[in-house]
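Dropping input-v2.cif in here (mmCIF, C-alpha atoms):
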```
data_start
#
loop_
_atom_site.label_atom_id
_atom_site.label_comp_id
_atom_site.auth_asym_id
_atom_site.auth_seq_id
_atom_site.Cartn_x
_atom_site.Cartn_y
_atom_site.Cartn_z
CA MET A 1 0.00 0.00 0.00
CA THR A 2 1.56 3.27 -1.16
CA PRO A 3 1.22 6.75 0.39
CA ILE A 4 -0.50 7.92 -2.81
CA THR A 5 -3.52 5.79 -1.82
CA PHE A 6 -4.05 7.85 1.33
CA VAL A 7 -3.44 11.06 -0.61
CA TYR A 8 -6.17 10.06 -3.04
CA LEU A 9 -8.59 9.20 -0.22
CA ILE A 10 -7.99 12.41 1.74
CA ALA A 11 -7.99 14.61 -1.37
CA GLY A 12 -11.19 12.95 -2.59
CA LEU A 13 -13.00 13.51 0.70
CA VAL A 14 -11.89 17.14 0.97
CA LEU A 15 -12.89 17.92 -2.61
CA LEU A 16 -16.28 16.19 -2.19
CA VAL A 17 -17.19 18.09 0.98
CA ALA A 18 -15.98 21.40 -0.44
CA GLY A 19 -17.72 20.77 -3.76
CA ALA A 20 -21.04 19.95 -2.10
CA GLU A 21 -20.86 23.11 0.03
CA VAL A 22 -19.99 25.39 -2.90
CA LEU A 23 -22.61 23.80 -5.14
CA VAL A 24 -25.40 24.15 -2.57
CA ARG A 25 -24.52 27.78 -1.77
CA GLY A 26 -24.40 28.81 -5.41
CA ALA A 27 -27.52 26.89 -6.46
CA ALA A 28 -29.58 28.07 -3.47
CA LYS A 29 -28.79 31.74 -4.04
CA LEU A 30 -29.31 31.47 -7.80
CA ALA A 31 -32.70 29.85 -7.23
CA ALA A 32 -33.64 32.60 -4.76
CA GLN A 33 -32.85 35.22 -7.42
CA PHE A 34 -35.48 33.61 -9.64
CA GLY A 35 -38.07 34.00 -6.88
CA ILE A 36 -38.18 30.38 -5.69
CA PRO A 37 -39.32 30.22 -2.00
CA PRO A 38 -36.58 29.34 0.53
CA LEU A 39 -38.45 26.26 1.79
CA VAL A 40 -38.69 24.82 -1.72
CA ILE A 41 -34.97 25.49 -2.15
CA GLY A 42 -34.32 23.64 1.08
CA LEU A 43 -36.41 20.66 0.01
CA THR A 44 -34.76 20.38 -3.40
CA VAL A 45 -31.37 22.09 -3.78
CA VAL A 46 -30.18 21.37 -0.24
CA ALA A 47 -31.51 17.79 -0.31
CA PHE A 48 -29.76 17.08 -3.61
CA GLY A 49 -26.65 18.91 -2.44
CA THR A 50 -26.14 16.90 0.75
CA SER A 51 -26.40 13.71 -1.34
CA ALA A 52 -24.08 15.08 -4.04
CA PRO A 53 -20.96 13.26 -2.71
CA GLU A 54 -22.78 9.90 -2.71
CA THR A 55 -24.10 10.63 -6.21
CA ALA A 56 -20.69 11.57 -7.59
CA VAL A 57 -18.92 8.57 -6.04
CA SER A 58 -21.56 5.97 -6.96
CA VAL A 59 -21.89 7.24 -10.54
CA GLN A 60 -18.09 7.28 -10.95
CA ALA A 61 -17.84 3.79 -9.46
CA ALA A 62 -20.59 2.50 -11.77
CA LEU A 63 -18.87 3.99 -14.82
CA ASN A 64 -15.61 2.30 -13.74
CA GLY A 65 -17.33 -1.06 -13.32
CA SER A 66 -16.97 -1.01 -9.51
CA GLY A 67 -20.57 -1.95 -8.75
CA ASP A 68 -19.83 -3.19 -5.22
CA LEU A 69 -18.37 0.20 -4.35
CA ALA A 70 -21.47 2.00 -5.67
CA ILE A 71 -23.86 -0.28 -3.74
CA GLY A 72 -21.76 -0.28 -0.58
CA ASN A 73 -21.59 3.50 -0.63
CA VAL A 74 -25.38 3.87 -0.60
CA ILE A 75 -26.14 1.11 1.91
CA GLY A 76 -23.31 2.19 4.20
CA SER A 77 -24.30 5.86 3.97
CA ASN A 78 -27.92 5.14 4.88
CA ILE A 79 -26.89 3.04 7.87
CA ALA A 80 -24.32 5.63 8.98
CA ASN A 81 -26.79 8.50 8.51
CA VAL A 82 -29.23 7.05 11.03
CA LEU A 83 -27.04 5.15 13.49
CA LEU A 84 -23.88 7.27 13.48
CA ILE A 85 -25.01 10.78 12.55
CA LEU A 86 -28.42 10.84 14.27
CA GLY A 87 -26.84 9.10 17.24
CA MET A 88 -24.06 11.70 17.55
CA THR A 89 -26.48 14.58 16.91
CA ALA A 90 -28.90 13.36 19.59
CA LEU A 91 -26.03 13.27 22.08
CA VAL A 92 -25.39 16.95 21.33
CA ALA A 93 -29.05 17.84 21.96
CA PRO A 94 -32.32 15.83 22.03
CA LEU A 95 -33.87 16.11 18.58
CA ILE A 96 -37.39 17.24 17.75
CA VAL A 97 -39.28 15.21 15.15
CA SER A 98 -42.14 16.75 13.16
CA ARG A 99 -45.39 14.86 12.69
CA GLN A 100 -45.10 15.13 8.90
CA LEU A 101 -41.75 13.35 9.04
CA ILE A 102 -43.31 10.41 10.89
CA ARG A 103 -46.48 10.25 8.79
CA LEU A 104 -44.89 10.76 5.37
CA ASP A 105 -41.11 10.83 5.01
CA VAL A 106 -40.10 7.93 7.29
CA PRO A 107 -42.68 5.57 5.69
CA ILE A 108 -41.36 6.66 2.27
CA MET A 109 -37.79 5.90 3.43
CA ILE A 110 -38.91 2.45 4.59
CA GLY A 111 -40.82 1.87 1.35
CA ALA A 112 -37.87 2.97 -0.80
CA SER A 113 -35.58 0.61 1.13
CA LEU A 114 -37.95 -2.30 0.49
CA VAL A 115 -38.33 -1.42 -3.20
CA VAL A 116 -34.54 -1.30 -3.73
CA TYR A 117 -34.19 -4.63 -1.92
CA ALA A 118 -36.89 -6.18 -4.11
CA LEU A 119 -35.26 -4.88 -7.30
CA ALA A 120 -31.86 -6.15 -6.16
CA TRP A 121 -33.20 -9.58 -5.20
CA ASP A 122 -32.31 -11.04 -8.61
CA GLY A 123 -28.65 -10.15 -8.00
CA SER A 124 -28.38 -6.96 -10.03
CA LEU A 125 -29.76 -3.49 -10.71
CA SER A 126 -30.49 -2.96 -14.40
CA THR A 127 -31.06 0.18 -16.44
CA LEU A 128 -34.81 -0.35 -16.10
CA ASP A 129 -34.44 -0.62 -12.33
CA GLY A 130 -32.49 2.65 -12.38
CA ALA A 131 -35.21 4.36 -14.40
CA LEU A 132 -37.88 3.20 -11.93
CA LEU A 133 -35.87 4.46 -8.95
CA PHE A 134 -35.09 7.82 -10.54
CA SER A 135 -38.72 8.34 -11.53
CA GLY A 136 -39.51 7.79 -7.85
CA VAL A 137 -37.26 10.65 -6.74
CA VAL A 138 -38.76 12.93 -9.40
CA ALA A 139 -42.27 12.15 -8.13
CA TYR A 140 -41.19 12.58 -4.49
CA THR A 141 -39.54 15.94 -5.18
CA GLY A 142 -42.56 17.17 -7.13
CA PHE A 143 -44.86 16.17 -4.29
CA LEU A 144 -42.68 17.99 -1.75
CA ILE A 145 -42.70 21.19 -3.80
CA ILE A 146 -46.48 21.15 -4.39
CA SER A 147 -47.32 20.32 -0.75
CA SER A 148 -44.90 22.95 0.59
CA LEU A 149 -46.39 25.65 -1.64
CA ARG A 150 -49.91 24.72 -0.52
CA ASP A 151 -49.10 24.56 3.18
CA LYS A 152 -46.07 26.77 3.62
CA SER A 153 -44.35 26.65 7.03
CA THR A 154 -43.05 30.11 7.87
CA SER A 155 -40.64 28.89 10.54
CA GLU A 156 -38.95 26.37 8.23
CA ASP A 157 -38.94 28.92 5.42
CA ASP A 158 -37.14 31.41 7.67
CA GLU A 159 -34.64 28.78 8.84
CA PHE A 160 -33.61 27.90 5.30
CA ALA A 161 -33.47 31.57 4.31
CA LYS A 162 -31.27 32.40 7.29
CA GLU A 163 -28.99 29.40 6.75
CA PHE A 164 -28.20 30.34 3.15
CA SER A 165 -28.63 34.15 3.40
CA LEU A 166 -31.43 34.07 0.83
CA HIS A 167 -33.08 37.30 1.97
CA ALA A 168 -29.93 39.38 1.47
CA ALA A 169 -30.07 41.92 -1.36
CA PRO A 170 -28.28 40.47 -4.42
CA LYS A 171 -25.06 42.17 -5.49
CA PRO A 172 -24.44 43.29 -9.08
CA TYR A 173 -23.72 40.34 -11.34
CA ALA A 174 -24.65 38.04 -8.45
CA TRP A 175 -26.20 35.54 -10.86
CA LEU A 176 -22.85 35.21 -12.64
CA ILE A 177 -21.02 34.63 -9.36
CA ASN A 178 -23.56 32.01 -8.26
CA LEU A 179 -23.36 30.30 -11.64
CA ALA A 180 -19.57 30.18 -11.29
CA LEU A 181 -19.98 28.63 -7.82
CA ILE A 182 -22.18 25.91 -9.30
CA VAL A 183 -19.60 25.14 -11.99
CA VAL A 184 -16.75 25.10 -9.47
CA GLY A 185 -18.80 22.88 -7.14
CA LEU A 186 -19.48 20.38 -9.93
CA ILE A 187 -15.78 20.33 -10.92
CA LEU A 188 -14.77 19.70 -7.30
CA LEU A 189 -17.36 16.91 -6.98
CA VAL A 190 -16.24 15.15 -10.15
CA SER A 191 -12.57 15.47 -9.22
CA GLY A 192 -13.20 14.36 -5.65
CA SER A 193 -15.22 11.33 -6.73
CA HIS A 194 -12.44 10.30 -9.12
CA PHE A 195 -9.78 10.52 -6.40
CA LEU A 196 -11.92 8.78 -3.78
CA VAL A 197 -12.91 5.89 -6.05
CA GLU A 198 -9.31 5.39 -7.18
CA GLY A 199 -8.07 5.51 -3.58
CA ALA A 200 -10.81 3.18 -2.32
CA VAL A 201 -10.14 0.57 -5.01
CA SER A 202 -6.38 0.73 -4.31
CA LEU A 203 -6.99 0.40 -0.57
CA ALA A 204 -9.25 -2.62 -1.06
CA ARG A 205 -6.66 -4.35 -3.25
CA ALA A 206 -3.79 -3.54 -0.87
CA LEU A 207 -5.63 -4.84 2.20
CA GLY A 208 -7.17 -7.79 0.41
CA LEU A 209 -10.68 -6.55 1.17
CA SER A 210 -13.70 -6.45 -1.10
CA GLU A 211 -14.82 -3.16 -2.62
CA LEU A 212 -18.16 -3.72 -0.86
CA ILE A 213 -16.49 -3.57 2.58
CA ILE A 214 -14.57 -0.40 1.67
CA GLY A 215 -17.76 1.13 0.28
CA LEU A 216 -19.73 0.27 3.43
CA THR A 217 -17.12 1.84 5.72
CA VAL A 218 -14.49 4.28 4.46
CA VAL A 219 -16.40 5.64 1.47
CA ALA A 220 -19.81 5.66 3.19
CA ILE A 221 -18.58 7.61 6.21
CA GLY A 222 -16.60 9.98 3.99
CA THR A 223 -19.53 10.82 1.73
CA SER A 224 -21.79 11.27 4.77
CA LEU A 225 -19.62 14.08 6.16
CA PRO A 226 -21.90 16.84 4.72
CA GLU A 227 -24.91 15.31 6.51
CA LEU A 228 -22.88 15.01 9.72
CA ALA A 229 -21.81 18.66 9.61
CA THR A 230 -25.30 19.89 8.64
CA SER A 231 -27.12 17.93 11.35
CA ILE A 232 -24.75 18.72 14.21
CA LEU A 233 -24.64 22.44 13.34
CA ALA A 234 -28.44 22.50 13.06
CA ALA A 235 -28.75 20.85 16.50
CA ILE A 236 -26.32 23.33 18.07
CA ARG A 237 -28.22 26.27 16.53
CA GLY A 238 -31.53 24.92 17.83
CA GLU A 239 -32.80 23.95 14.34
CA ARG A 240 -33.33 20.39 15.55
CA ASP A 241 -36.23 19.58 13.24
CA ILE A 242 -34.07 20.30 10.20
CA ALA A 243 -31.32 18.09 11.68
CA VAL A 244 -33.62 15.04 11.55
CA GLY A 245 -35.30 15.93 8.24
CA ASN A 246 -31.89 16.30 6.61
CA ILE A 247 -31.02 12.68 7.45
CA VAL A 248 -34.34 11.15 6.37
CA GLY A 249 -34.39 13.19 3.15
CA SER A 250 -30.81 12.24 2.37
CA ASN A 251 -31.57 8.52 2.80
CA ILE A 252 -34.52 8.77 0.42
CA PHE A 253 -32.39 10.57 -2.18
CA ASN A 254 -29.58 8.03 -1.76
CA LEU A 255 -31.91 5.13 -2.54
CA LEU A 256 -33.90 6.68 -5.36
CA CYS A 257 -31.60 9.27 -6.94
CA VAL A 258 -28.07 7.96 -6.30
CA LEU A 259 -28.78 4.29 -7.06
CA GLY A 260 -31.12 5.31 -9.88
CA LEU A 261 -28.49 7.43 -11.63
CA ALA A 262 -25.72 4.88 -11.01
CA SER A 263 -27.84 2.11 -12.56
CA LEU A 264 -28.78 4.33 -15.52
CA VAL A 265 -25.18 5.25 -16.43
CA SER A 266 -23.60 1.86 -15.73
CA PRO A 267 -22.56 0.10 -18.98
CA LEU A 268 -23.69 -3.23 -17.47
CA PRO A 269 -26.23 -4.11 -14.76
CA ILE A 270 -24.75 -3.43 -11.30
CA SER A 271 -24.20 -6.78 -9.63
CA ILE A 272 -25.25 -7.24 -5.98
CA SER A 273 -23.12 -9.53 -3.82
CA PRO A 274 -24.89 -12.38 -1.96
CA ASN A 275 -23.52 -11.11 1.36
CA ALA A 276 -25.03 -7.66 0.79
CA LEU A 277 -28.42 -9.28 0.08
CA ALA A 278 -28.14 -11.58 3.09
CA PHE A 279 -26.94 -9.07 5.68
CA ASP A 280 -26.34 -5.43 4.70
CA PHE A 281 -29.69 -4.84 2.96
CA PRO A 282 -31.66 -6.32 5.91
CA VAL A 283 -29.67 -4.15 8.35
CA MET A 284 -30.41 -1.06 6.27
CA ILE A 285 -34.14 -1.90 6.24
CA ALA A 286 -34.13 -2.67 9.98
CA VAL A 287 -32.47 0.68 10.68
CA ALA A 288 -35.11 2.48 8.61
CA VAL A 289 -37.96 0.64 10.36
CA ALA A 290 -36.40 1.34 13.78
CA CYS A 291 -36.80 5.07 13.13
CA LEU A 292 -40.60 4.84 13.16
CA PRO A 293 -41.20 3.75 16.78
CA ILE A 294 -38.30 5.86 18.10
CA PHE A 295 -39.54 8.96 16.29
CA PHE A 296 -43.14 8.26 17.31
CA ALA A 297 -42.34 7.92 21.02
CA GLY A 298 -42.80 11.52 22.09
CA TYR A 299 -41.84 13.02 18.70
CA ARG A 300 -38.23 13.36 19.81
CA ILE A 301 -34.96 11.45 19.88
CA ASN A 302 -33.53 11.44 23.39
CA ARG A 303 -29.88 11.10 24.31
CA TRP A 304 -30.28 7.47 25.42
CA GLU A 305 -31.78 6.63 22.01
CA GLY A 306 -28.85 8.37 20.33
CA LEU A 307 -26.52 6.24 22.45
CA LEU A 308 -28.45 3.12 21.36
CA PHE A 309 -27.98 4.12 17.71
CA LEU A 310 -24.23 4.55 18.23
CA ALA A 311 -23.95 1.18 19.98
CA TYR A 312 -25.63 -0.51 17.02
CA TYR A 313 -23.30 1.22 14.58
CA LEU A 314 -20.28 0.04 16.53
CA ALA A 315 -21.71 -3.52 16.51
CA TYR A 316 -22.32 -3.33 12.75
CA THR A 317 -18.78 -2.03 12.13
CA LEU A 318 -17.38 -4.80 14.35
CA TYR A 319 -19.21 -7.38 12.26
CA LEU A 320 -17.75 -5.91 9.05
CA ALA A 321 -14.26 -6.02 10.57
CA LEU A 322 -14.69 -9.65 11.66
CA PHE A 323 -16.11 -10.62 8.26
CA ALA A 324 -13.34 -8.80 6.36
CA THR A 325 -10.60 -10.56 8.33
CA GLY A 326 -12.22 -13.97 7.86
CA ARG A 327 -12.78 -14.64 11.56
CA PRO A 328 -15.03 -17.68 12.14
CA PHE A 329 -16.92 -15.76 14.83
CA ALA A 330 -18.21 -13.31 12.19
CA GLN A 331 -21.06 -15.56 10.98
CA THR A 332 -22.22 -16.27 14.54
CA PHE A 333 -22.07 -12.60 15.43
CA GLY A 334 -24.02 -11.63 12.30
CA ASP A 335 -26.69 -14.27 12.93
CA ALA A 336 -27.04 -13.04 16.52
CA MET A 337 -27.57 -9.46 15.35
CA LEU A 338 -30.18 -10.39 12.74
CA GLY A 339 -31.90 -13.15 14.69
CA TYR A 340 -31.93 -11.87 18.26
CA VAL A 341 -30.66 -8.35 18.92
CA LEU A 342 -32.56 -6.49 16.16
CA PRO A 343 -35.95 -8.21 16.77
CA LEU A 344 -35.62 -7.74 20.54
CA THR A 345 -34.89 -4.06 20.05
CA ALA A 346 -37.82 -3.74 17.61
CA VAL A 347 -40.20 -5.20 20.20
CA THR A 348 -38.84 -2.86 22.89
CA LEU A 349 -39.25 0.17 20.64
CA ALA A 350 -42.76 -0.92 19.68
CA VAL A 351 -43.72 -1.12 23.36
CA ILE A 352 -42.28 2.37 23.96
CA ALA A 353 -44.20 3.73 20.98
CA GLY A 354 -47.41 2.03 22.14
CA ARG A 355 -47.14 3.58 25.58
CA ALA A 356 -46.47 7.00 24.08
CA TRP A 357 -49.52 6.63 21.83
CA GLN A 358 -51.68 5.63 24.81
CA LYS A 359 -50.52 8.69 26.77
CA GLN A 360 -51.37 10.94 23.81
CA ARG A 361 -54.87 9.45 23.59
CA GLN A 362 -55.43 9.91 27.32
CA ALA A 363 -54.22 13.50 27.11
CA CYS A 364 -56.75 14.19 24.35
#
```

Kindly transcribe the structure held in the file into structure tokens.
Amino acid sequence: MTPITFVYLIAGLVLLVAGAEVLVRGAAKLAAQFGIPPLVIGLTVVAFGTSAPETAVSVQAALNGSGDLAIGNVIGSNIANVLLILGMTALVAPLIVSRQLIRLDVPIMIGASLVVYALAWDGSLSTLDGALLFSGVVAYTGFLIISSLRDKSTSEDDEFAKEFSLHAAPKPYAWLINLALIVVGLILLVSGSHFLVEGAVSLARALGLSELIIGLTVVAIGTSLPELATSILAAIRGERDIAVGNIVGSNIFNLLCVLGLASLVSPLPISISPNALAFDFPVMIAVAVACLPIFFAGYRINRWEGLLFLAYYLAYTLYLALFATGRPFAQTFGDAMLGYVLPLTAVTLAVIAGRAWQKQRQAC
């Protein structure tokens, strides 16, 4: 393993994070100049922007024929978004969860996870599968825009406007500056994805690991850095509803937009490894389902629930490490997680949610 591998990885991550930030800033301000409401900008530009690193990396990996890296990036990012990022953010401050998120967005996240799993069940994601997934994100985005314009939330609108300085008077030739920011952001994203994919493939070969493992860990955490920064900063600033919505929205975009685009541009159908179908996909779905009772119990994520999320992420990472090194205990550990720990936790969370629902009915 050469030092250039680490240079590629670090340079790729830095360029991806910087590119996403520059792209979102430029696109948000340019959209505001055309009179688009801040909330709509937040639901579209910001949502796409925070998933831009995953999109760039997965599309680049698909074009290079590294399907495992593209799949691992999305699955790993979705798991890390909930368990790692929401867990860390909840430790900073208990998070508020809106009713719309529970009634609409979380069920959509669960549904999208199940749809992707069903499409991948035959061992690959074809161009047709990609078209179906991408049409889903188009429909979802259109629904968000229409519903937000009909029932506009002033508080969320003000939060997005403040975050991206959308109410500030535009400077002369501001549209040209914002357009330049978009171009620069795209260049940084493309360059960063190239470096990160090259570095990840080299690292996998040097360590004798599969590209799926590298995608689920190193690449997934790296491409989730924008979500981590956005959610923690939002929690510190008291914008705790946005901190949760950012994660759920990003997971939906990862499944529908990122995998959809990667499948569309891939020269061949993206193959899905049997281990991903047997373990990683079920974990991703279980994580998505676990959000529903936790979010429903009091419409908040408490610090102890954030700690539970982090503990599960550490357990998942430990399994990947055991599996990657060929330890015989890995299979037993994985079976225990899927067969005992996750169902037991699901039952516990369901009981908590049921009690919270009973209290709400009694209060009414």

* Just the residues within 6 Å of A:Leu212, please, counting all atoms listed in the file, with nothing from its chain fewer than 2 positions along; format it as a ChimeraX atom specification. => /A:68-69,72,210,214-215

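What separates atom CA of A:Leu277 from atom CA of A:Ile85 is a distance of 23.9 Å.
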
* atom CA of A:Met88 to atom CA of A:Leu144, distance in Å rounded to a single decimal ->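 Straight-line distance from atom CA of A:Met88 to atom CA of A:Leu144 works out to 27.5 Å.
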
Could you list, as a JSON list (two decimals) with C-alpha atoms, in the coordinates of the input, every residue matched by the PyMOL selection byres ((chain A and resi 102) around 12) in this structure?
```json
[["chain", "number", "residue", "atom", "x", "y", "z"],
["A", 96, "ILE", "CA", -37.39, 17.24, 17.75],
["A", 97, "VAL", "CA", -39.28, 15.21, 15.15],
["A", 98, "SER", "CA", -42.14, 16.75, 13.16],
["A", 99, "ARG", "CA", -45.39, 14.86, 12.69],
["A", 100, "GLN", "CA", -45.10, 15.13, 8.90],
["A", 101, "LEU", "CA", -41.75, 13.35, 9.04],
["A", 103, "ARG", "CA", -46.48, 10.25, 8.79],
["A", 104, "LEU", "CA", -44.89, 10.76, 5.37],
["A", 105, "ASP", "CA", -41.11, 10.83, 5.01],
["A", 106, "VAL", "CA", -40.10, 7.93, 7.29],
["A", 107, "PRO", "CA", -42.68, 5.57, 5.69],
["A", 108, "ILE", "CA", -41.36, 6.66, 2.27],
["A", 109, "MET", "CA", -37.79, 5.90, 3.43],
["A", 110, "ILE", "CA", -38.91, 2.45, 4.59],
["A", 241, "ASP", "CA", -36.23, 19.58, 13.24],
["A", 244, "VAL", "CA", -33.62, 15.04, 11.55],
["A", 245, "GLY", "CA", -35.30, 15.93, 8.24],
["A", 248, "VAL", "CA", -34.34, 11.15, 6.37],
["A", 288, "ALA", "CA", -35.11, 2.48, 8.61],
["A", 289, "VAL", "CA", -37.96, 0.64, 10.36],
["A", 290, "ALA", "CA", -36.40, 1.34, 13.78],
["A", 291, "CYS", "CA", -36.80, 5.07, 13.13],
["A", 292, "LEU", "CA", -40.60, 4.84, 13.16],
["A", 293, "PRO", "CA", -41.20, 3.75, 16.78],
["A", 294, "ILE", "CA", -38.30, 5.86, 18.10],
["A", 295, "PHE", "CA", -39.54, 8.96, 16.29],
["A", 296, "PHE", "CA", -43.14, 8.26, 17.31],
["A", 297, "ALA", "CA", -42.34, 7.92, 21.02],
["A", 298, "GLY", "CA", -42.80, 11.52, 22.09],
["A", 299, "TYR", "CA", -41.84, 13.02, 18.70],
["A", 300, "ARG", "CA", -38.23, 13.36, 19.81]]
```

* Have a look at atom CA of A:Ser224 and atom CA of A:Thr50 and let me know their distance in Å, one decimal. =>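 Interatomic distance, atom CA of A:Ser224 to atom CA of A:Thr50: 8.2 Å.
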
* Asked: Could you pull the residues within 12 Å of A:Val138, counting all atoms listed in the file, minus those fewer than 3 positions along the same chain, as a list in words?
  -> Thr44, Phe48, Ala131, Leu132, Leu133, Phe134, Ser135, Thr141, Gly142, Phe143, Leu144, Ile145, Ile252, Phe253, Leu256, Cys257, Gly260 and Leu261 of chain A

Convert the current residue selection to file output with C-alpha atoms, as a tab-separated table (two decimals), keeping the file's coordinate frame.
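Okay, this is what ended up in again.tsv:
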```
chain	number	residue	atom	x	y	z
A	44	THR	CA	-34.76	20.38	-3.40
A	48	PHE	CA	-29.76	17.08	-3.61
A	131	ALA	CA	-35.21	4.36	-14.40
A	132	LEU	CA	-37.88	3.20	-11.93
A	133	LEU	CA	-35.87	4.46	-8.95
A	134	PHE	CA	-35.09	7.82	-10.54
A	135	SER	CA	-38.72	8.34	-11.53
A	141	THR	CA	-39.54	15.94	-5.18
A	142	GLY	CA	-42.56	17.17	-7.13
A	143	PHE	CA	-44.86	16.17	-4.29
A	144	LEU	CA	-42.68	17.99	-1.75
A	145	ILE	CA	-42.70	21.19	-3.80
A	252	ILE	CA	-34.52	8.77	0.42
A	253	PHE	CA	-32.39	10.57	-2.18
A	256	LEU	CA	-33.90	6.68	-5.36
A	257	CYS	CA	-31.60	9.27	-6.94
A	260	GLY	CA	-31.12	5.31	-9.88
A	261	LEU	CA	-28.49	7.43	-11.63
```

* Using all atoms listed in the file, which of the listed residues (A:Leu179, A:Ala286, A:Ile247, A:Ala80) sits closest to A:Ala234? ->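 That would be A:Ile247, the residue with the smallest distance to A:Ala234.
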
* To do: Please identify all polymer residues within 8 Å of A:Leu188, counting all atoms listed in the file, omitting same-chain residues fewer than 5 positions from it, and present them as a PyMOL selection string.
  => chain A and resi 15-16+18-19

* Contact residues around A:Leu268 with all atoms listed in the file at 8 Å, ignoring same-chain residues under 2 positions, as a ChimeraX atom specification -> /A:65,126,266,270

Using only C-alpha atoms, please write the residues we just selected to a file, as a compact mmCIF listing (two decimals), in the coordinates of the input.
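Dumped to again-v1.txt:
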```txt
# COMPACT_ATOMS: atom_id res chain seq x y z
CA GLY A 65 -17.33 -1.06 -13.32
CA SER A 126 -30.49 -2.96 -14.40
CA SER A 266 -23.60 1.86 -15.73
CA ILE A 270 -24.75 -3.43 -11.30
```

* **Closest of A:Ala62, A:Leu233, A:Leu189, A:Ile4 to A:Val22 - atom-to-atom distances counting all atoms listed in the file** =>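 Comparing A:Ala62, A:Leu233, A:Leu189, A:Ile4 against A:Val22, the winner is A:Leu189.
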